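> Just one file: start06.tsv, with TSV, C-alpha atoms and all ligand atoms.
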```tsv
chain	number	residue	atom	x	y	z
R	26	MET	CA	92.56	81.75	89.06
R	27	ASP	CA	90.11	82.95	91.63
R	28	ASN	CA	92.62	82.60	94.46
R	29	VAL	CA	93.49	85.52	96.70
R	30	THR	CA	97.20	86.29	96.55
R	31	LEU	CA	99.59	87.70	99.13
R	32	ASP	CA	99.71	90.89	97.05
R	33	THR	CA	95.94	91.27	97.28
R	34	LEU	CA	96.04	90.75	101.06
R	35	THR	CA	98.80	93.36	101.36
R	36	ASP	CA	96.72	95.72	99.23
R	37	TRP	CA	93.80	95.04	101.61
R	38	LEU	CA	95.88	96.24	104.57
R	39	SER	CA	97.07	99.27	102.70
R	40	ARG	CA	93.50	100.21	101.72
R	41	PHE	CA	92.31	99.69	105.29
R	42	HIS	CA	95.14	101.90	106.51
R	43	ALA	CA	94.11	104.59	103.98
R	44	ALA	CA	90.43	104.27	104.95
R	45	VAL	CA	90.93	104.64	108.71
R	46	THR	CA	93.40	107.47	108.14
R	47	GLU	CA	91.03	109.38	105.84
R	48	ARG	CA	88.15	108.81	108.23
R	49	ARG	CA	90.07	109.20	111.47
R	50	ASP	CA	88.09	112.27	112.55
R	51	TYR	CA	84.79	110.64	111.67
R	52	LEU	CA	85.59	107.49	113.70
R	53	THR	CA	86.71	109.67	116.59
R	54	GLU	CA	83.49	111.69	116.38
R	55	LEU	CA	81.47	108.45	116.62
R	56	ASP	CA	83.57	107.40	119.61
R	57	SER	CA	83.11	110.80	121.25
R	58	ALA	CA	79.34	110.23	121.30
R	59	ILE	CA	79.48	106.88	123.11
R	60	GLY	CA	83.11	106.37	124.15
R	61	ASP	CA	86.34	108.24	124.79
R	62	ALA	CA	86.90	109.89	121.41
R	63	GLU	CA	89.94	107.94	120.29
R	64	HIS	CA	88.80	105.14	118.01
R	65	GLY	CA	89.96	106.99	114.88
R	66	ALA	CA	93.34	107.79	116.40
R	67	ASN	CA	93.68	104.20	117.65
R	68	MET	CA	92.98	102.65	114.27
R	69	ALA	CA	95.05	105.12	112.27
R	70	ARG	CA	98.04	104.74	114.60
R	71	GLY	CA	97.74	100.95	114.61
R	72	MET	CA	97.48	100.60	110.85
R	73	ALA	CA	100.35	103.05	110.29
R	74	ALA	CA	102.50	100.86	112.56
R	75	VAL	CA	101.34	97.78	110.60
R	76	MET	CA	102.29	99.29	107.23
R	77	ALA	CA	105.72	100.35	108.54
R	78	LYS	CA	106.32	96.87	109.94
R	79	ILE	CA	105.36	94.91	106.84
R	80	ASP	CA	107.32	97.29	104.65
R	81	VAL	CA	110.45	96.24	106.55
R	82	ALA	CA	109.59	92.58	107.27
R	83	ARG	CA	108.23	91.79	103.76
R	84	PRO	CA	106.37	88.64	104.88
R	85	GLY	CA	106.53	85.80	102.37
R	86	THR	CA	103.47	83.81	103.43
R	87	VAL	CA	99.89	84.58	104.43
R	88	ASP	CA	100.38	83.47	108.04
R	89	GLU	CA	103.55	85.53	108.43
R	90	LEU	CA	101.79	88.58	107.02
R	91	LEU	CA	98.65	88.31	109.13
R	92	LYS	CA	100.45	87.34	112.34
R	93	THR	CA	102.71	90.37	111.92
R	94	VAL	CA	99.61	92.56	111.52
R	95	GLY	CA	98.00	91.05	114.62
R	96	MET	CA	101.05	91.38	116.84
R	97	THR	CA	101.65	94.94	115.71
R	98	LEU	CA	98.05	95.95	116.46
R	99	VAL	CA	98.12	94.31	119.88
R	100	SER	CA	101.35	96.11	120.78
R	101	SER	CA	100.59	99.53	119.27
R	102	VAL	CA	96.90	100.07	120.04
R	103	GLY	CA	95.48	100.27	123.53
R	104	GLY	CA	91.83	100.13	124.45
R	105	ALA	CA	89.43	97.43	123.34
R	106	SER	CA	89.98	97.62	119.61
R	107	GLY	CA	93.75	96.91	119.54
R	108	PRO	CA	93.54	93.50	121.21
R	109	LEU	CA	90.31	92.65	119.34
R	110	TYR	CA	91.55	93.54	115.84
R	111	GLY	CA	94.94	92.09	116.79
R	112	THR	CA	93.34	88.79	117.77
R	113	PHE	CA	91.30	88.82	114.56
R	114	PHE	CA	94.43	88.97	112.39
R	115	LEU	CA	96.49	86.58	114.56
R	116	ARG	CA	93.82	83.90	114.45
R	117	MET	CA	93.17	84.45	110.77
R	118	GLY	CA	96.91	84.05	110.10
R	119	ILE	CA	97.13	80.82	112.11
R	120	ALA	CA	94.09	79.40	110.29
R	121	CYS	CA	95.41	80.33	106.82
R	122	GLY	CA	98.84	78.77	107.37
R	123	ALA	CA	102.13	79.13	105.49
R	124	VAL	CA	100.65	79.51	102.01
R	125	CYS	CA	101.08	82.16	99.32
R	126	GLU	CA	97.47	82.32	98.22
R	127	LEU	CA	94.01	81.43	99.47
R	128	THR	CA	91.09	79.70	97.78
R	129	PRO	CA	87.72	81.44	98.31
R	130	GLU	CA	86.90	78.74	100.90
R	131	ALA	CA	90.23	79.18	102.71
R	132	LEU	CA	89.72	82.94	102.85
R	133	GLY	CA	86.27	82.35	104.36
R	134	SER	CA	87.65	79.93	106.97
R	135	GLY	CA	90.45	82.35	107.80
R	136	LEU	CA	88.05	85.24	108.32
R	137	ARG	CA	85.81	82.98	110.40
R	138	ALA	CA	88.73	81.94	112.63
R	139	GLY	CA	89.52	85.62	113.10
R	140	LEU	CA	85.95	86.32	114.12
R	141	ASP	CA	85.97	83.37	116.54
R	142	GLY	CA	89.02	84.97	118.16
R	143	VAL	CA	87.14	88.28	118.55
R	144	LEU	CA	84.29	86.36	120.19
R	145	GLN	CA	86.51	84.44	122.58
R	146	ARG	CA	88.33	87.57	123.60
R	147	GLY	CA	85.44	90.04	123.75
R	148	LYS	CA	82.50	87.74	124.52
R	149	ALA	CA	80.15	89.95	122.49
R	150	GLU	CA	76.82	88.62	121.33
R	151	LEU	CA	74.82	89.77	118.34
R	152	GLY	CA	72.96	92.94	119.25
R	153	ASP	CA	75.54	94.13	121.82
R	154	LYS	CA	76.44	97.06	119.53
R	155	THR	CA	80.01	96.10	118.67
R	156	MET	CA	82.19	95.27	115.69
R	157	TYR	CA	80.74	91.77	115.90
R	158	ASP	CA	77.41	93.13	114.62
R	159	ALA	CA	79.10	94.12	111.34
R	160	LEU	CA	81.51	91.19	111.04
R	161	PHE	CA	79.15	88.29	111.73
R	162	PRO	CA	76.59	89.08	108.98
R	163	ALA	CA	79.47	89.85	106.60
R	164	LEU	CA	81.01	86.42	107.04
R	165	GLU	CA	77.62	84.71	106.80
R	166	ALA	CA	76.99	86.51	103.50
R	167	TYR	CA	80.46	85.52	102.29
R	168	ALA	CA	79.89	81.82	103.11
R	169	THR	CA	76.44	81.82	101.51
R	170	ALA	CA	77.79	83.37	98.31
R	171	VAL	CA	80.72	80.91	98.08
R	172	ALA	CA	78.38	77.96	98.72
R	173	ALA	CA	76.20	79.23	95.86
R	174	GLY	CA	79.20	79.11	93.52
R	175	SER	CA	80.38	82.71	93.69
R	176	GLY	CA	84.09	83.50	93.42
R	177	ALA	CA	85.92	85.36	96.16
R	178	PRO	CA	85.40	88.87	94.67
R	179	GLY	CA	81.62	88.44	94.34
R	180	ALA	CA	81.38	86.87	97.78
R	181	ILE	CA	83.38	89.64	99.44
R	182	ASP	CA	81.19	92.25	97.72
R	183	ALA	CA	78.16	90.57	99.30
R	184	ALA	CA	80.03	90.55	102.61
R	185	ALA	CA	80.79	94.27	102.35
R	186	ASP	CA	77.09	95.03	101.74
R	187	ALA	CA	76.11	92.91	104.75
R	188	ALA	CA	78.75	94.60	106.91
R	189	ARG	CA	77.34	98.04	106.04
R	190	LEU	CA	73.83	96.88	106.94
R	191	GLY	CA	75.15	95.35	110.17
R	192	ARG	CA	76.95	98.60	110.97
R	193	ASP	CA	73.79	100.66	110.40
R	194	ALA	CA	71.75	98.26	112.50
R	195	THR	CA	73.88	99.22	115.55
R	196	VAL	CA	72.20	102.66	115.71
R	197	PRO	CA	69.11	101.61	117.72
R	198	MET	CA	71.02	99.10	119.86
R	199	VAL	CA	71.85	99.53	123.54
R	200	ALA	CA	75.61	98.97	124.02
R	201	ARG	CA	76.38	95.99	126.22
R	202	LYS	CA	80.16	95.72	125.83
R	203	GLY	CA	83.08	98.09	126.21
R	204	ARG	CA	83.02	101.72	127.29
R	205	ALA	CA	79.76	102.48	125.47
R	206	SER	CA	77.97	100.05	127.80
R	207	TYR	CA	78.53	102.51	130.69
R	208	LEU	CA	76.02	104.78	128.95
R	209	GLY	CA	73.25	102.18	128.90
R	210	GLU	CA	70.16	103.55	127.15
R	211	ARG	CA	72.01	106.75	126.27
R	212	SER	CA	74.05	104.76	123.73
R	213	VAL	CA	70.89	104.40	121.61
R	214	GLY	CA	70.76	106.53	118.47
R	215	HIS	CA	74.49	106.36	117.67
R	216	LEU	CA	76.50	104.27	115.23
R	217	ASP	CA	79.01	102.01	116.94
R	218	PRO	CA	82.55	103.13	116.05
R	219	GLY	CA	83.99	99.60	116.00
R	220	ALA	CA	81.19	98.32	113.74
R	221	THR	CA	81.96	101.27	111.46
R	222	SER	CA	85.69	100.47	111.23
R	223	ALA	CA	84.83	96.77	110.81
R	224	ALA	CA	82.62	97.59	107.80
R	225	MET	CA	85.62	99.51	106.43
R	226	LEU	CA	87.80	96.43	106.98
R	227	ILE	CA	85.52	94.31	104.80
R	228	SER	CA	84.95	96.97	102.12
R	229	SER	CA	88.74	97.47	101.90
R	230	LEU	CA	89.11	93.76	101.13
R	231	ALA	CA	86.39	94.02	98.47
R	232	ALA	CA	88.18	97.01	96.93
R	233	ALA	CA	91.53	95.17	96.95
R	234	MET	CA	89.96	92.18	95.20
R	235	ALA	CA	88.30	94.38	92.62
R	236	GLY	CA	91.86	95.53	91.83
D	301	LIG	P1	87.92	101.64	123.79
D	301	LIG	O1	86.55	101.04	123.88
D	301	LIG	O2	88.87	101.02	124.73
D	301	LIG	O3	87.88	103.12	123.86
D	301	LIG	P2	88.09	101.83	120.91
D	301	LIG	O4	87.38	103.11	121.04
D	301	LIG	O5	89.32	101.83	120.04
D	301	LIG	O6	88.49	101.24	122.33
D	301	LIG	O7	87.10	100.72	120.31
D	301	LIG	C1	85.75	100.71	120.66
D	301	LIG	C2	85.04	99.64	119.85
D	301	LIG	O8	85.48	98.35	120.24
D	301	LIG	C3	83.54	99.64	120.09
D	301	LIG	O9	82.90	100.56	119.23
D	301	LIG	C4	83.15	98.20	119.81
D	301	LIG	O10	82.79	98.00	118.45
D	301	LIG	C5	84.41	97.43	120.07
D	301	LIG	N1	84.30	96.63	121.29
D	301	LIG	C6	84.40	97.07	122.55
D	301	LIG	N2	84.27	96.02	123.40
D	301	LIG	C7	84.06	94.92	122.64
D	301	LIG	C8	83.85	93.53	122.90
D	301	LIG	N3	83.85	93.05	124.16
D	301	LIG	N4	83.69	92.69	121.85
D	301	LIG	C9	83.70	93.15	120.59
D	301	LIG	N5	83.90	94.45	120.27
D	301	LIG	C10	84.07	95.32	121.28
D	302	MG	MG	87.33	104.51	122.48
```
Mind turning this structure into structure tokens?
Ligand code: ADP
Ligand code: MG


Amino acid sequence: MDNVTLDTLTDWLSRFHAAVTERRDYLTELDSAIGDAEHGANMARGMAAVMAKIDVARPGTVDELLKTVGMTLVSSVGGASGPLYGTFFLRMGIACGAVCELTPEALGSGLRAGLDGVLQRGKAELGDKTMYDALFPALEAYATAVAAGSGAPGAIDAAADAARLGRDATVPMVARKGRASYLGERSVGHLDPGATSAAMLISSLAAAMAG
């Protein structure tokens, strides 16, 4: 009853697409402070390509859906975020397997596998001022809530709160990965664009689960 269906996961992607499209200029503004002013355009273009692809392909299983998302992001978005988000979805898809719905535990393991992919690819550590700073606390909060008996919707709400806190905690950090790291100390005082889109990724899933 508490399982996460393919429809909910598709709704997640559609809400994430809407979120990055609505906030494209905001994400770009964040990236103009400490990067090359294209994070909003990157994410909006990538998610538009994803929605077009799944509309045609109509994936029938969780792994098909998420692998399609990952491959589309890798091929349609340049820069750091395309391969990183792409890897996240590819690895999550592989971990979830050819199923039509996910238990709360399986969703947690899938998200964790996605995050492990981001780590392997980007080698970020906590405090490096990246998307990892939003995603890691989110998945910890999710796992803690599920272990305490929460269903997937409650756990993902806790994860979304933790992701927002993680995002905000990037402001005083010195960037140590990606383009922002070229600025060194001058990256202090700005929100990380990737942590901001990553918090949107988790809150979009919470919104999809809330229905
Ligand atoms: P680019 O950095 O190529 O301009 P984007 O602007 O689309 O690409 O994405 C920048 C975001 O990517 C950063 O805000 C950061 O969160 C994330 N990022 C960059 N490098 C890494 C990394 N090595 N590991 C994790 N996240 C990273
Ligand atoms: Mg950029």

> Leaving out region 194-203 of chain R and any residue of its chain fewer than 6 positions from it, which residues lie within 12 Å of it when counting all atoms listed in the file, given as number ranges by chain?

R: 55-56, 58-61, 104-106, 109, 144, 146-160, 162, 187-188, 209-221, 224

> Do you have the atom N2 of ligand LIG 301 (chain D)-CA of Val75 (chain R) distance handy?

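According to the coordinates, atom N2 of ligand LIG 301 (chain D) and CA of Val75 (chain R) are separated by 21.4 Å.
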
> Calculate how many Å separate atom C9 of ligand LIG 301 (chain D) from CA of Thr86 (chain R), rounding to one decimal.

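Pair atom C9 of ligand LIG 301 (chain D) / CA of Thr86 (chain R) returns 27.8 Å.
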
> I want to know what sits within 12 Å of Ser175 (chain R), based on all atoms listed in the file, with residues of the same chain fewer than 5 positions away left out; could you give that as number ranges by chain?

R: 27, 128-130, 166-170, 180-184

> Taking (91.2, 75.3, 103.6) in the file's own coordinates, collect the residues within 12 Å, counting all atoms listed in the file, and hand them back as a list in words.

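Taken together, the residues in range are Asn28, Met117, Ile119, Ala120, Cys121, Gly122, Ala123, Val124, Glu126, Leu127, Thr128, Pro129, Glu130, Ala131, Leu132, Gly133, Ser134, Gly135, Leu136, Arg137 and Ala138 of chain R.
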
> Do you have the CA of Asp141 (chain R)-CA of Ser206 (chain R) distance handy?

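Answer for the CA of Asp141 (chain R) to CA of Ser206 (chain R) separation: 21.7 Å.
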
> For Leu91 (chain R), which of R:Thr53, R:Ser222, R:Thr35, R:Ser229 is the closest residue, counting all atoms listed in the file?

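Result for the nearest residue to Leu91 (chain R): R:Thr35.
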
> Would you please work out which residue, of R:Ala62, R:Leu52, R:Ala77, R:Ala235, is nearest to ligand MG 302 (chain D) when using only C-alpha atoms and all ligand atoms?

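That would be R:Ala62, the residue with the smallest distance to ligand MG 302 (chain D).
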
> Just the residues within 12 Å of Ser100 (chain R), please, counting all atoms listed in the file, with nothing from its chain fewer than 2 positions along; format it as a list in words.

Asn67, Arg70, Gly71, Met72, Ala74, Val75, Lys78, Thr93, Val94, Gly95, Met96, Thr97, Leu98, Val102, Gly103, Gly104, Ser106, Gly107, Pro108, Leu109, Tyr110, Gly111 and Thr112 of chain R

> Nearest residue to Gly176 (chain R) out of R:Ala66, R:Met234, R:Asp32, R:Val87, using all atoms listed in the file?

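With all atoms listed in the file as the atom set, the closest residue is R:Met234.
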